[in-house]
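Visitor: The structure that follows is given in the form of structure tokens.
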Amino acid sequence: MLCLDSATRPRFFEIQIHNGLSKWDYLVTLAHEMVHVKQRVKGEWGQKRDGSSTWHKQIVSPFTKYWDEPWEIDARAWERYIANRAIYEGVVTIE
């Protein structure tokens, strides 16, 4: 997920997903990236002018490993739930 307009107050985003994924993996990946969009728009995950990242206004160490970044933990917690809800609600099918 890329912010196309502003790192400090983003409103335009681009999501690129590999088209060789299974339908399920594509849906889960899309859900994961949409969680990131929500995080950025609501200001949960931010970026300061100096390039440092924040989570709920607290600076996150630049040495934090990818799997330990709080925005990634949050997105992983929601991705399958959102994908399953999309199927359950009939928004998408994966057959």
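Order determines the names: the first chain of the structure tokens is A, the second B, and so forth; residues in each chain are numbered 1 upward, and ligands are numbered 1 upward as they are shown.
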Quick one: everything within 9 Å of Leu27 in chain A, counting only C-alpha atoms, minus sequence neighbours fewer than 5 positions away in the same chain. Send it as a ChimeraX atom specification.
Guide: /A:22,32,79-80,82-83,86,92,94
Visitor: Please dump the current selection as a compact mmCIF listing (two decimals), in the first residue's frame; keep C-alpha atoms.
Guide:
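The file below, again_19.txt, is the result:
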# COMPACT_ATOMS: atom_id res chain seq x y z
CA SER A 22 -5.03 -17.88 -5.41
CA HIS A 32 -4.65 -6.74 4.88
CA GLU A 79 -7.17 -9.80 7.37
CA ARG A 80 -8.82 -13.23 7.58
CA ILE A 82 -12.47 -9.30 6.79
CA ALA A 83 -11.93 -11.82 3.97
CA ALA A 86 -16.69 -10.49 2.52
CA VAL A 92 -17.06 -11.72 -3.23
CA ILE A 94 -13.72 -17.42 -4.35
Visitor: What is the distance between CA of Gly43 in chain A and CA of His56 in chain A, in Å to one decimal?
Guide: 7.1 Å
Visitor: Residues of range 16-57 of chain A in strand (DSSP E) according to DSSP, as a ChimeraX atom specification?
Guide: /A:45-47,53-55
Visitor: Quick one: distance from CA of Leu2 in chain A to CA of Glu14 in chain A in Å, one decimal?
Guide: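 For CA of Leu2 in chain A relative to CA of Glu14 in chain A, the distance reads 5.1 Å.
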Visitor: How would you write, as a PyMOL selection string, the set of residues in chain A that DSSP gives as helix (DSSP H, G or I)?
Guide: chain A and resi 23-41+66-68+70-88
Visitor: Would you list the contacts of range 5-7 of chain A as a list in words, taking every protein, DNA or RNA residue within 8 Å and counting only C-alpha atoms, but skipping same-chain residues closer than 5 positions in sequence?
Guide: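 Here the qualifying residues turn out to be Phe12, Phe13, Gly46, Gln47, Lys48 and Arg49 of chain A.
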Visitor: Could you tell me which of A:Gly90, A:Pro70, A:Pro10, A:Pro62 comes closest to Arg40 in chain A if we count only C-alpha atoms?
Guide: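 Counting only C-alpha atoms, the residue closest to Arg40 in chain A is A:Pro10.
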Visitor: Could you pull the residues within 8 Å of Met1 in chain A, counting only C-alpha atoms, minus those fewer than 3 positions along the same chain, as a list in words?
Guide: Phe13, Glu14, Ile15, Gln16, Glu33, His36 and Val37 of chain A
Visitor: Output C-alpha atoms of each residue in that selection to a file, as a PDB file, in the first residue's frame.
Guide:
ATOM      1  CA  PHE A  13      -3.591   5.272  -1.995  1.00  0.00           C
ATOM      2  CA  GLU A  14      -2.401   2.612  -4.386  1.00  0.00           C
ATOM      3  CA  ILE A  15      -2.485  -1.088  -3.634  1.00  0.00           C
ATOM      4  CA  GLN A  16      -0.528  -3.483  -5.827  1.00  0.00           C
ATOM      5  CA  GLU A  33      -3.762  -3.750   2.711  1.00  0.00           C
ATOM      6  CA  HIS A  36      -3.392  -0.299   6.349  1.00  0.00           C
ATOM      7  CA  VAL A  37      -5.450   2.270   4.431  1.00  0.00           C
TER       8      VAL A  37
END
Visitor: What is the CA of Leu21 in chain A to CA of Glu89 in chain A distance in Å?
Guide: 22.2 Å
Visitor: Rank nothing, just name the residue among A:Val35, A:Leu4, A:Val28, A:Ile17 nearest to Glu72 in chain A, using only C-alpha atoms.
Guide: A:Val35
Visitor: Which residue, A:Arg11, A:Asp74, A:Glu95, A:Tyr88, has the smallest gap to Val41 in chain A when you use only C-alpha atoms?
Guide: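 Nearest to Val41 in chain A: A:Arg11.
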Visitor: Write out as JSON, numbers by chain which residues come within 12 Å of Val60 in chain A when counting only C-alpha atoms, dropping same-chain ones fewer than 2 positions away.
Guide: {"A": [45, 46, 47, 48, 51, 52, 53, 54, 55, 56, 57, 58, 62, 63, 64, 65, 66, 68, 69, 70, 71]}
